[in-house]
Each structure stands twice: as C-alpha cells, then as structure tokens.
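Everything below belongs to start.txt, which stores compact mmCIF, C-alpha atoms.
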# COMPACT_ATOMS: atom_id res chain seq x y z
CA MET Q 219 15.52 -12.04 9.66
CA LEU Q 220 17.29 -10.44 6.70
CA VAL Q 221 17.65 -12.62 3.62
CA ARG Q 222 18.96 -12.60 0.06
CA VAL Q 223 15.97 -12.11 -2.23
CA LEU Q 224 15.38 -12.39 -5.99
CA VAL Q 225 12.45 -10.52 -7.57
CA THR Q 226 11.70 -11.47 -11.17
CA GLY Q 227 9.80 -8.76 -13.00
CA GLY Q 228 11.15 -6.34 -10.40
CA ALA Q 229 10.91 -3.41 -12.83
CA GLY Q 230 7.14 -3.78 -13.19
CA PHE Q 231 4.49 -1.97 -11.17
CA ILE Q 232 4.11 -4.48 -8.32
CA GLY Q 233 7.78 -5.40 -8.59
CA THR Q 234 9.15 -1.89 -8.06
CA HIS Q 235 6.98 -1.39 -4.98
CA LEU Q 236 8.06 -4.78 -3.62
CA VAL Q 237 11.75 -4.11 -4.29
CA ARG Q 238 11.51 -0.77 -2.50
CA ARG Q 239 9.84 -2.36 0.53
CA LEU Q 240 12.32 -5.23 0.72
CA ALA Q 241 15.29 -2.86 0.41
CA GLU Q 242 13.88 -0.59 3.12
CA GLN Q 243 13.57 -3.65 5.38
CA GLY Q 244 17.28 -4.30 4.85
CA HIS Q 245 17.08 -7.37 2.63
CA GLN Q 246 19.71 -7.92 -0.06
CA VAL Q 247 17.70 -7.70 -3.28
CA THR Q 248 18.47 -8.89 -6.81
CA VAL Q 249 16.12 -7.95 -9.65
CA LEU Q 250 15.78 -9.92 -12.87
CA ASP Q 251 13.99 -7.98 -15.61
CA ASP Q 252 14.36 -7.40 -19.35
CA LEU Q 253 13.33 -3.72 -18.77
CA SER Q 254 10.80 -3.98 -21.59
CA THR Q 255 8.35 -1.85 -19.57
CA GLY Q 256 10.75 1.09 -19.71
CA ALA Q 257 11.58 1.18 -16.01
CA ALA Q 258 14.33 3.51 -14.85
CA ARG Q 259 17.55 1.55 -14.43
CA SER Q 260 18.89 4.06 -11.88
CA ASP Q 261 16.00 3.41 -9.47
CA LEU Q 262 16.60 -0.34 -9.62
CA THR Q 263 20.39 -0.22 -9.28
CA ARG Q 264 20.10 2.11 -6.31
CA LEU Q 265 18.00 -0.42 -4.41
CA SER Q 266 19.19 -3.74 -5.78
CA ARG Q 267 21.54 -5.73 -7.95
CA LEU Q 268 20.07 -5.74 -11.46
CA VAL Q 269 20.37 -8.66 -13.85
CA GLN Q 270 18.94 -7.55 -17.19
CA ALA Q 271 17.63 -10.73 -18.82
CA ASP Q 272 14.46 -12.36 -20.07
CA VAL Q 273 12.99 -14.80 -17.55
CA ARG Q 274 12.95 -17.37 -20.39
CA ASP Q 275 16.77 -17.24 -20.39
CA ALA Q 276 17.69 -20.13 -18.08
CA GLU Q 277 21.28 -18.96 -17.63
CA GLY Q 278 20.17 -15.43 -16.78
CA VAL Q 279 17.72 -16.75 -14.19
CA SER Q 280 20.39 -19.05 -12.74
CA GLN Q 281 22.81 -16.14 -12.41
CA ALA Q 282 20.22 -13.91 -10.76
CA ALA Q 283 19.12 -16.64 -8.32
CA ARG Q 284 22.61 -17.49 -7.11
CA LYS Q 285 22.62 -17.67 -3.27
CA ALA Q 286 18.99 -16.51 -3.10
CA GLU Q 287 17.02 -17.62 -0.06
CA CYS Q 288 13.64 -16.38 -1.28
CA VAL Q 289 12.29 -15.75 -4.79
CA TYR Q 290 9.32 -13.55 -5.67
CA HIS Q 291 8.32 -14.55 -9.20
CA LEU Q 292 6.36 -11.65 -10.71
CA ALA Q 293 7.63 -11.67 -14.32
CA ALA Q 294 4.77 -11.77 -16.84
CA VAL Q 295 3.32 -10.09 -19.90
CA VAL Q 296 0.98 -7.42 -18.49
CA GLY Q 297 -2.17 -5.79 -19.83
CA VAL Q 298 -5.08 -7.37 -21.70
CA ARG Q 299 -4.33 -5.72 -25.05
CA HIS Q 300 -0.59 -6.42 -24.76
CA ALA Q 301 -1.24 -10.08 -23.94
CA LEU Q 302 -3.68 -10.45 -26.85
CA GLN Q 303 -1.14 -8.97 -29.24
CA ASN Q 304 1.68 -11.16 -27.90
CA GLN Q 305 0.07 -14.52 -27.20
CA VAL Q 306 3.15 -16.67 -27.83
CA ARG Q 307 5.27 -14.48 -25.61
CA SER Q 308 2.59 -14.43 -22.91
CA LEU Q 309 2.43 -18.24 -22.85
CA THR Q 310 6.17 -18.85 -22.99
CA VAL Q 311 7.04 -16.22 -20.39
CA ASP Q 312 4.67 -17.87 -17.93
CA TRP Q 313 5.57 -21.49 -18.70
CA GLU Q 314 9.28 -21.39 -19.60
CA GLY Q 315 9.98 -18.54 -17.21
CA THR Q 316 8.32 -20.27 -14.27
CA LYS Q 317 10.12 -23.53 -15.06
CA ASN Q 318 13.46 -21.68 -15.06
CA VAL Q 319 12.65 -19.97 -11.77
CA LEU Q 320 11.57 -23.20 -10.06
CA GLU Q 321 14.67 -25.05 -11.24
CA ALA Q 322 16.95 -22.26 -10.04
CA ALA Q 323 15.15 -22.01 -6.68
CA GLU Q 324 15.44 -25.77 -6.21
CA ARG Q 325 19.20 -25.64 -6.82
CA GLU Q 326 19.58 -22.80 -4.31
CA GLY Q 327 17.16 -24.21 -1.74
CA ALA Q 328 15.07 -21.02 -1.91
CA ALA Q 329 11.43 -20.50 -1.01
CA VAL Q 330 9.24 -19.21 -3.86
CA PHE Q 331 6.24 -16.91 -4.14
CA VAL Q 332 4.48 -17.21 -7.52
CA ALA Q 333 2.33 -14.25 -8.55
CA SER Q 334 -0.85 -15.39 -10.26
CA SER Q 335 -3.98 -13.50 -11.25
CA SER Q 336 -7.72 -13.36 -10.71
CA ALA Q 337 -7.90 -14.09 -14.45
CA VAL Q 338 -7.47 -17.81 -13.70
CA TYR Q 339 -11.05 -17.94 -12.40
CA GLY Q 340 -12.34 -17.27 -15.91
CA LYS Q 341 -16.08 -16.74 -16.13
CA THR Q 342 -17.22 -18.52 -13.02
CA GLU Q 343 -20.54 -17.15 -11.78
CA ARG Q 344 -19.83 -17.94 -8.13
CA LEU Q 345 -19.21 -14.77 -6.09
CA PRO Q 346 -17.23 -13.92 -4.14
CA ILE Q 347 -14.66 -16.21 -5.75
CA GLY Q 348 -12.79 -18.53 -3.39
CA GLU Q 349 -9.48 -20.27 -3.92
CA LYS Q 350 -11.06 -23.71 -4.02
CA ASP Q 351 -14.00 -22.82 -6.27
CA ASP Q 352 -14.16 -24.35 -9.73
CA ILE Q 353 -12.35 -22.54 -12.52
CA VAL Q 354 -14.40 -21.92 -15.68
CA LEU Q 355 -12.35 -20.93 -18.72
CA GLY Q 356 -13.97 -20.12 -22.02
CA ASN Q 357 -13.50 -21.62 -25.48
CA THR Q 358 -9.78 -21.95 -26.24
CA HIS Q 359 -10.45 -20.75 -29.80
CA LEU Q 360 -11.01 -17.30 -28.28
CA PRO Q 361 -7.69 -15.47 -27.78
CA SER Q 362 -9.01 -13.64 -24.72
CA TRP Q 363 -8.40 -16.80 -22.65
CA THR Q 364 -4.69 -17.07 -23.46
CA TYR Q 365 -3.58 -15.05 -20.44
CA SER Q 366 -5.89 -16.91 -18.06
CA ALA Q 367 -4.70 -20.30 -19.31
CA ALA Q 368 -1.05 -19.23 -19.08
CA LYS Q 369 -1.37 -18.11 -15.46
CA LEU Q 370 -3.26 -21.29 -14.54
CA ALA Q 371 -0.55 -23.45 -16.14
CA GLU Q 372 2.05 -21.47 -14.18
CA GLU Q 373 0.20 -22.20 -10.93
CA LEU Q 374 -0.16 -25.90 -11.70
CA LEU Q 375 3.54 -26.24 -12.51
CA ALA Q 376 4.54 -24.48 -9.29
CA ARG Q 377 2.23 -26.55 -7.10
CA ALA Q 378 3.28 -29.80 -8.82
CA TRP Q 379 6.92 -28.87 -8.17
CA SER Q 380 6.06 -28.30 -4.53
CA ALA Q 381 4.15 -31.60 -4.18
CA GLU Q 382 6.62 -33.84 -6.04
CA ARG Q 383 9.95 -32.26 -5.20
CA GLY Q 384 9.29 -30.59 -1.86
CA LEU Q 385 10.11 -27.08 -3.07
CA PRO Q 386 8.56 -24.54 -0.66
CA VAL Q 387 6.12 -22.67 -2.94
CA LYS Q 388 3.18 -20.37 -2.27
CA VAL Q 389 0.85 -18.78 -4.84
CA GLY Q 390 -0.92 -15.42 -4.64
CA ARG Q 391 -3.77 -14.51 -6.99
CA PHE Q 392 -3.77 -10.72 -7.30
CA PHE Q 393 -7.05 -8.89 -7.94
CA ASN Q 394 -6.71 -5.53 -9.72
CA VAL Q 395 -3.82 -3.99 -7.83
CA ILE Q 396 -3.58 -0.20 -8.26
CA GLY Q 397 -1.47 2.64 -6.91
CA PRO Q 398 1.09 5.33 -7.74
CA GLY Q 399 3.62 4.38 -10.39
CA GLN Q 400 1.21 2.34 -12.50
CA THR Q 401 1.03 3.26 -16.17
CA GLY Q 402 -1.97 3.23 -18.45
CA ALA Q 403 0.20 2.26 -21.43
CA TYR Q 404 -0.79 -1.41 -21.19
CA GLY Q 405 -4.51 -0.76 -20.75
CA MET Q 406 -4.75 -0.69 -16.93
CA VAL Q 407 -8.06 1.01 -16.34
CA VAL Q 408 -7.34 3.27 -13.33
CA PRO Q 409 -4.17 5.01 -14.57
CA ARG Q 410 -5.74 5.20 -18.03
CA PHE Q 411 -8.76 7.04 -16.61
CA VAL Q 412 -6.66 9.35 -14.42
CA GLU Q 413 -4.25 10.24 -17.21
CA ALA Q 414 -7.14 11.00 -19.59
CA ALA Q 415 -9.01 13.08 -17.00
CA LEU Q 416 -5.95 15.22 -16.23
CA LYS Q 417 -5.36 15.84 -19.95
CA GLY Q 418 -9.01 16.64 -20.63
CA ASP Q 419 -9.30 13.64 -22.95
CA PRO Q 420 -12.33 11.32 -23.08
CA LEU Q 421 -12.42 8.48 -20.55
CA VAL Q 422 -12.97 5.41 -22.73
CA VAL Q 423 -15.22 2.81 -21.08
CA TYR Q 424 -15.61 -0.51 -22.87
CA GLY Q 425 -19.05 -2.01 -23.26
CA ARG Q 426 -21.81 -0.42 -21.19
CA GLY Q 427 -19.50 0.02 -18.21
CA ASP Q 428 -21.65 -2.19 -16.00
CA HIS Q 429 -18.95 -4.82 -15.48
CA THR Q 430 -17.40 -4.60 -12.02
CA ARG Q 431 -13.97 -4.91 -10.49
CA THR Q 432 -12.64 -4.97 -6.93
CA PHE Q 433 -9.46 -2.93 -6.61
CA VAL Q 434 -6.77 -3.14 -3.96
CA ASP Q 435 -4.11 -0.59 -3.04
CA ILE Q 436 -0.55 -1.72 -3.80
CA ARG Q 437 0.42 -1.17 -0.16
CA ASP Q 438 -2.39 -3.45 1.01
CA ALA Q 439 -1.50 -6.01 -1.67
CA LEU Q 440 2.09 -6.13 -0.43
CA ASP Q 441 0.84 -6.49 3.15
CA GLY Q 442 -1.13 -9.51 1.94
CA LEU Q 443 1.88 -10.91 0.13
CA GLU Q 444 3.95 -10.62 3.31
CA ARG Q 445 1.24 -12.39 5.30
CA VAL Q 446 1.25 -15.24 2.79
CA MET Q 447 5.02 -15.64 2.93
CA ARG Q 448 5.23 -15.43 6.72
CA GLN Q 449 2.18 -17.46 7.70
CA GLY Q 450 0.64 -19.17 4.67
CA GLY Q 451 0.86 -22.88 4.00
CA TRP Q 452 3.37 -24.32 1.55
CA GLY Q 453 1.79 -25.35 -1.74
CA GLU Q 454 -1.29 -23.24 -0.97
CA VAL Q 455 -3.05 -20.54 -3.02
CA TYR Q 456 -4.33 -17.23 -1.61
CA ASN Q 457 -6.49 -14.48 -3.08
CA ILE Q 458 -4.89 -11.07 -2.56
CA GLY Q 459 -7.45 -8.33 -3.10
CA GLY Q 460 -9.71 -5.64 -1.72
CA ALA Q 461 -13.28 -5.49 -0.54
CA GLU Q 462 -14.93 -2.64 -2.51
CA GLU Q 463 -16.68 -3.65 -5.73
CA ILE Q 464 -17.42 -0.92 -8.28
CA THR Q 465 -18.69 -0.73 -11.86
CA VAL Q 466 -16.22 0.60 -14.40
CA LEU Q 467 -18.64 3.38 -15.35
CA GLU Q 468 -18.92 4.49 -11.72
CA LEU Q 469 -15.12 4.32 -11.47
CA ALA Q 470 -14.85 6.74 -14.40
CA ARG Q 471 -17.31 9.13 -12.75
CA ARG Q 472 -15.43 8.97 -9.46
CA VAL Q 473 -12.14 9.80 -11.20
CA LEU Q 474 -13.81 12.79 -12.87
CA THR Q 475 -15.10 14.02 -9.51
CA LEU Q 476 -11.76 13.65 -7.74
CA THR Q 477 -9.78 15.31 -10.54
CA GLY Q 478 -12.37 18.06 -11.13
CA SER Q 479 -12.14 17.20 -14.82
CA SER Q 480 -14.77 18.02 -17.42
CA SER Q 481 -13.63 15.18 -19.70
CA PRO Q 482 -16.45 13.25 -21.34
CA VAL Q 483 -17.02 9.51 -20.86
CA ARG Q 484 -17.08 7.60 -24.14
CA LEU Q 485 -18.57 4.10 -24.41
CA VAL Q 486 -16.76 1.82 -26.89
CA PRO Q 487 -17.98 -1.71 -27.71
CA PHE Q 488 -15.61 -4.48 -26.60
CA GLU Q 489 -15.44 -5.86 -30.12
CA ASP Q 490 -14.24 -2.50 -31.45
CA ALA Q 491 -11.45 -2.38 -28.90
CA PHE Q 492 -10.35 -6.02 -28.72
CA GLY Q 493 -11.84 -7.75 -31.76
CA PRO Q 494 -14.95 -9.90 -32.30
CA ASP Q 495 -13.66 -12.89 -30.31
CA PHE Q 496 -13.09 -11.08 -27.03
CA GLU Q 497 -15.04 -12.30 -23.99
CA GLU Q 498 -15.29 -10.01 -20.97
CA ILE Q 499 -15.93 -10.98 -17.33
CA GLY Q 500 -19.04 -9.38 -15.84
CA ARG Q 501 -18.00 -9.29 -12.17
CA ARG Q 502 -14.77 -9.97 -10.35
CA VAL Q 503 -15.00 -10.12 -6.54
CA PRO Q 504 -12.49 -12.01 -4.38
CA ASP Q 505 -13.24 -14.06 -1.31
CA ILE Q 506 -10.36 -13.04 0.98
CA ARG Q 507 -11.34 -15.01 4.08
CA ARG Q 508 -8.26 -17.28 3.85
CA LEU Q 509 -5.99 -14.23 3.81
CA ARG Q 510 -7.98 -12.55 6.57
CA ALA Q 511 -7.38 -15.67 8.68
CA LEU Q 512 -3.68 -14.76 8.49
CA GLY Q 513 -4.42 -11.30 9.91
CA TYR Q 514 -4.80 -9.41 6.63
CA GLU Q 515 -7.23 -6.55 6.16
CA PRO Q 516 -7.29 -4.04 3.28
CA ARG Q 517 -6.90 -0.67 5.01
CA ARG Q 518 -7.05 1.90 2.19
CA THR Q 519 -10.36 2.89 0.62
CA LEU Q 520 -10.65 3.11 -3.14
CA GLU Q 521 -11.04 6.89 -2.87
CA GLU Q 522 -7.81 7.20 -0.87
CA THR Q 523 -5.93 5.15 -3.44
CA LEU Q 524 -7.38 7.10 -6.36
CA GLN Q 525 -6.36 10.35 -4.67
CA SER Q 526 -2.78 9.12 -4.23
CA ILE Q 527 -2.64 8.16 -7.92
CA ILE Q 528 -4.02 11.55 -8.99
CA GLU Q 529 -1.48 13.39 -6.83
CA GLU Q 530 1.36 11.33 -8.30
CA LYS Q 531 0.18 11.95 -11.88
CA ARG Q 532 -0.07 15.67 -11.14
CA GLY Q 533 3.41 15.68 -9.65
CA VAL Q 534 2.18 16.93 -6.26

Spit out the file's structure as structure tokens when you get a sec.
Amino acid sequence: MLVRVLVTGGAGFIGTHLVRRLAEQGHQVTVLDDLSTGAARSDLTRLSRLVQADVRDAEGVSQAARKAECVYHLAAVVGVRHALQNQVRSLTVDWEGTKNVLEAAEREGAAVFVASSSAVYGKTERLPIGEKDDIVLGNTHLPSWTYSAAKLAEELLARAWSAERGLPVKVGRFFNVIGPGQTGAYGMVVPRFVEAALKGDPLVVYGRGDHTRTFVDIRDALDGLERVMRQGGWGEVYNIGGAEEITVLELARRVLTLTGSSSPVRLVPFEDAFGPDFEEIGRRVPDIRRLRALGYEPRRTLEETLQSIIEEKRGV
C-alpha cells in the first residue's frame, strides 16, 4: 500500500538511502532536513518534497508532517567528534526534535519509526547485546556519554508517548551502518579508512585498535527497518545490525588489502584524539534474534560492502 511518508534527517547517510528506496516503491515522500551535512538539494527534490528546517523548529516539523501517514525520524547530530563538540545541539536535537515529531505525528495520526543507536547500551559487558539487557552508561561528568544519554532519552520519550497516548511507535537501534554515500567527515571509521587509503594517507586507528565493531550494509539495515515497520510490535525496540565482528585494526588492514594501498597504519591514543575524559567501548556486538524472528537476515558480507564503498569512492 502506497502512503505519504515523512523522513526527518532525510539528507543524511541512512536518510538518503531510505528516501531513494521509498520513492522507488512509489511512496509520496517529504524530507525535513536543515541540510547541514551538505547534501545535494537536487537529489532530494528529484525524489521528494523538501522542507528545509531544523527538527527543533516545531512549525517546520508541523508543515513537513502535514497529511503524513508514516514518519521515519532519523534526524540527529552524527559522528562522535561532532557530537562531542556540539553537546548542547546533540541533546536538544534529540529531545526537542523528537518531541516535535511525536506531537506532529499524533496530530496527523501517523505511525512513527524512531532511529536510535547501539550507543544507548553504553559499556555493558554482556555480549551479544539484547534489547532487554541492562543499559550501563558511564559517569555523566564525561562528555563522551552525551550522545548515548540523548539517544536513550529520545527512546524513552517515544515509548512513553506510545504507552500513554496510544501513538503507534517503533524504535530501531542501528549498529554501525555502512555503505556507499557515507562520508568520513564526521569521523565514521569505514569511509575515513577508505578515503585515506585511496589518497595514500595514513589510516589513523585510535587506541591499540583492538576494540571491535559489528558493521551492517545499508541495504541490509533498510531491510531490517522495513521488517520492523511491517511486522514489529508497537512500542517495541529492535536491534538492527550485522553478524560479523571485527577489530578496528583488522578493518584497517582489510581496507588496505582491498584497495591495494601502501598507506601506513598510525595508532593514536584516544586521549589525543578526543581529550582526556573520553571513554571508549571495547566491543559492540548486537543480538539480532528478535529481528531474525521477523524474517530478517543480513545478506551482504563485510568484504562485499567494503568493495562497494571503495568502488563508489573511486568513481567506478
């Protein structure tokens, strides 16, 4: 069934891929974005109606949401370094922006998908991490927990709105989504490595590089998102991620192999990159059994996704 859809943050990495997929499926798409990430306006206006506004602008959100039947709320401050340098904005975008989106969706009678992050799990030592496992955030005096706390508050507000007011809401916690079109400008590790390797620049690895991540291809992530919206329970939370865990140092080596680059790998202490109060997560592995119960399965290997990113960066 074709519907009228609003995508907040539709000019971002996940947003642009989602907008393209929804438009190809024939849905009528509106994008709300302040275009602060430098997205091409022509690409958005070709696929959707664009409302250029900050998600904290209640009137802008209300205008964009008019007659919407479904809202995908992706707007957020992205990138660890960017979030650390803009803590007030990070907090207010998540809290005020989500409040505006939920109010507008309630007025329109629209269903809502709220994009959260694996960052909400904090430094829990339980692996793989399940949706109902305890969340362990660090000391709030450390600025590295601002983003995690903001995304958790966003989730709690959305689920409270669903429980108290009956708004149909679902939450997806994304784990390290990667793919073509992602920029390294905000510190995202995979495009940063690929861009450096293709230029012959050093691949900067923070710490000893023994911390791990589990990446998921953007196409698989969107498949998971669709499963959640079609079959998931209202008011429920779902991990959306992959199944292949890798150390960041091994990731750098794999990028060098696939690009054929002779770039060196340079280890930089976390405190030199992010300041003395930064606290890094050692391992991040999602438990995706709840999503698999809806028929989801990540289909692309990490190597396949890396190759697609390399080809895009090379202009192949």

Could you name the residues that touch stretch 382-390 of chain Q at 9 Å or less, counting only C-alpha atoms, but leaving out those on the same chain fewer than 4 positions away, as a ChimeraX atom specification?
/Q:320,323-324,327-335,373,376-378,442-443,446-447,450-458

Shortest interatomic distance to Q:Phe492 - which of Q:Arg299, Q:His245, Q:Arg238, Q:Arg264, counting only C-alpha atoms:
Q:Arg299

Between atom CA of Q:Arg532 and atom CA of Q:Thr519, measure the distance and give it in Å to one decimal.
20.2 Å

If you take only C-alpha atoms and a cut-off of 12 Å, which residues of stretch 383-450 of chain Q touch stretch 343-352 of chain Q, and what are their nearest atom pairs and distances in Å to one decimal, in chain and number order, as JSON lines?
{"residue": "Q:Val389", "atom": "CA", "partner": "Q:Glu349", "partner_atom": "CA", "distance": 10.5}
{"residue": "Q:Gly390", "atom": "CA", "partner": "Q:Glu349", "partner_atom": "CA", "distance": 9.9}
{"residue": "Q:Arg391", "atom": "CA", "partner": "Q:Glu349", "partner_atom": "CA", "distance": 8.7}
{"residue": "Q:Phe392", "atom": "CA", "partner": "Q:Glu349", "partner_atom": "CA", "distance": 11.6}
{"residue": "Q:Phe393", "atom": "CA", "partner": "Q:Ile347", "partner_atom": "CA", "distance": 10.8}
{"residue": "Q:Thr430", "atom": "CA", "partner": "Q:Leu345", "partner_atom": "CA", "distance": 11.9}
{"residue": "Q:Arg431", "atom": "CA", "partner": "Q:Pro346", "partner_atom": "CA", "distance": 11.5}
{"residue": "Q:Thr432", "atom": "CA", "partner": "Q:Pro346", "partner_atom": "CA", "distance": 10.4}

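Shortest atom-to-atom contact with Q:Val422 among Q:Leu509, Q:Ala470, Q:Ala294, Q:Leu309: Q:Ala470, counting only C-alpha atoms.
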
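Each of Q:Ala439, Q:Leu262, Q:Ala337, Q:Leu355 was checked against Q:Glu515 using all atoms listed in the file; the smallest atom-to-atom distance is that of Q:Ala439.
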
Starting from the point (-6.0, 4.9, -21.3), work out which residues of protein, DNA or RNA have an atom no more than 12 Å away when counting only C-alpha atoms; state them as a PyMOL selection string.
chain Q and resi 297+299+400-417+419-424+470+483-484+491

Restrict the selected residues to C-alpha atoms and save them as a short mmCIF file (atom, residue, chain, number, x, y, z; two decimals), in the coordinates of the input.
data_model
loop_
_atom_site.label_atom_id
_atom_site.label_comp_id
_atom_site.auth_asym_id
_atom_site.auth_seq_id
_atom_site.Cartn_x
_atom_site.Cartn_y
_atom_site.Cartn_z
CA GLY Q 297 -2.17 -5.79 -19.83
CA ARG Q 299 -4.33 -5.72 -25.05
CA GLN Q 400 1.21 2.34 -12.50
CA THR Q 401 1.03 3.26 -16.17
CA GLY Q 402 -1.97 3.23 -18.45
CA ALA Q 403 0.20 2.26 -21.43
CA TYR Q 404 -0.79 -1.41 -21.19
CA GLY Q 405 -4.51 -0.76 -20.75
CA MET Q 406 -4.75 -0.69 -16.93
CA VAL Q 407 -8.06 1.01 -16.34
CA VAL Q 408 -7.34 3.27 -13.33
CA PRO Q 409 -4.17 5.01 -14.57
CA ARG Q 410 -5.74 5.20 -18.03
CA PHE Q 411 -8.76 7.04 -16.61
CA VAL Q 412 -6.66 9.35 -14.42
CA GLU Q 413 -4.25 10.24 -17.21
CA ALA Q 414 -7.14 11.00 -19.59
CA ALA Q 415 -9.01 13.08 -17.00
CA LEU Q 416 -5.95 15.22 -16.23
CA LYS Q 417 -5.36 15.84 -19.95
CA ASP Q 419 -9.30 13.64 -22.95
CA PRO Q 420 -12.33 11.32 -23.08
CA LEU Q 421 -12.42 8.48 -20.55
CA VAL Q 422 -12.97 5.41 -22.73
CA VAL Q 423 -15.22 2.81 -21.08
CA TYR Q 424 -15.61 -0.51 -22.87
CA ALA Q 470 -14.85 6.74 -14.40
CA VAL Q 483 -17.02 9.51 -20.86
CA ARG Q 484 -17.08 7.60 -24.14
CA ALA Q 491 -11.45 -2.38 -28.90
#

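Across the model, the gap from atom CA of Q:Lys531 to atom CA of Q:Ser336 is 26.5 Å.
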
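Straight-line separation from atom CA of Q:Gln303 to atom CA of Q:Thr316: 21.0 Å.
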
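For the set Q:Asn304, Q:Trp379, Q:Thr358, Q:Gln270, the residue with the smallest atom-to-atom gap to Q:Lys317 is Q:Trp379, counting all atoms listed in the file.
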
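Comparing the minimum interatomic distances between Q:Arg501 and each of Q:Ala367, Q:Thr342, Q:Ile528, Q:Leu374, counting all atoms listed in the file, we find that Q:Thr342 sits nearest.
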
List as an MDAnalysis selection string the protein and nucleic acid residues near Q:Glu529, meaning an atom at most 12 Å away when all atoms listed in the file are counted, but skip any in the same chain fewer than 3 places from it.
chainID Q and resid 397:399 409 412:413 416 476:477 522:526 532:534

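Using only C-alpha atoms, the smallest distance between any of Q:Ile464, Q:Gly230, Q:Val223, Q:Ser481 and Q:Gly244 comes from Q:Val223.
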
List the neighbours of stretch 433-436 of chain Q out to 7 Å using only C-alpha atoms; skip same-chain residues closer than 5 positions along the sequence, and give me the result as a PyMOL selection string.
chain Q and resi 393-397+459-460+462+518+523

Box time for stretch 438-448 of chain Q: axis-aligned, enclosing all its listed atoms, 4 Å extra on each side; report centre and edge lengths in Å to one decimal, as JSON.
{"center_x": 1.4, "center_y": -9.5, "center_z": 2.5, "size_x": 15.6, "size_y": 20.2, "size_z": 16.4}

Find the residues near Q:Ala301: any atom within 10 Å, counting all atoms listed in the file, skip ones fewer than 4 places away on the same chain, and give them as a PyMOL selection string.
chain Q and resi 294-297+305-309+361-365+404
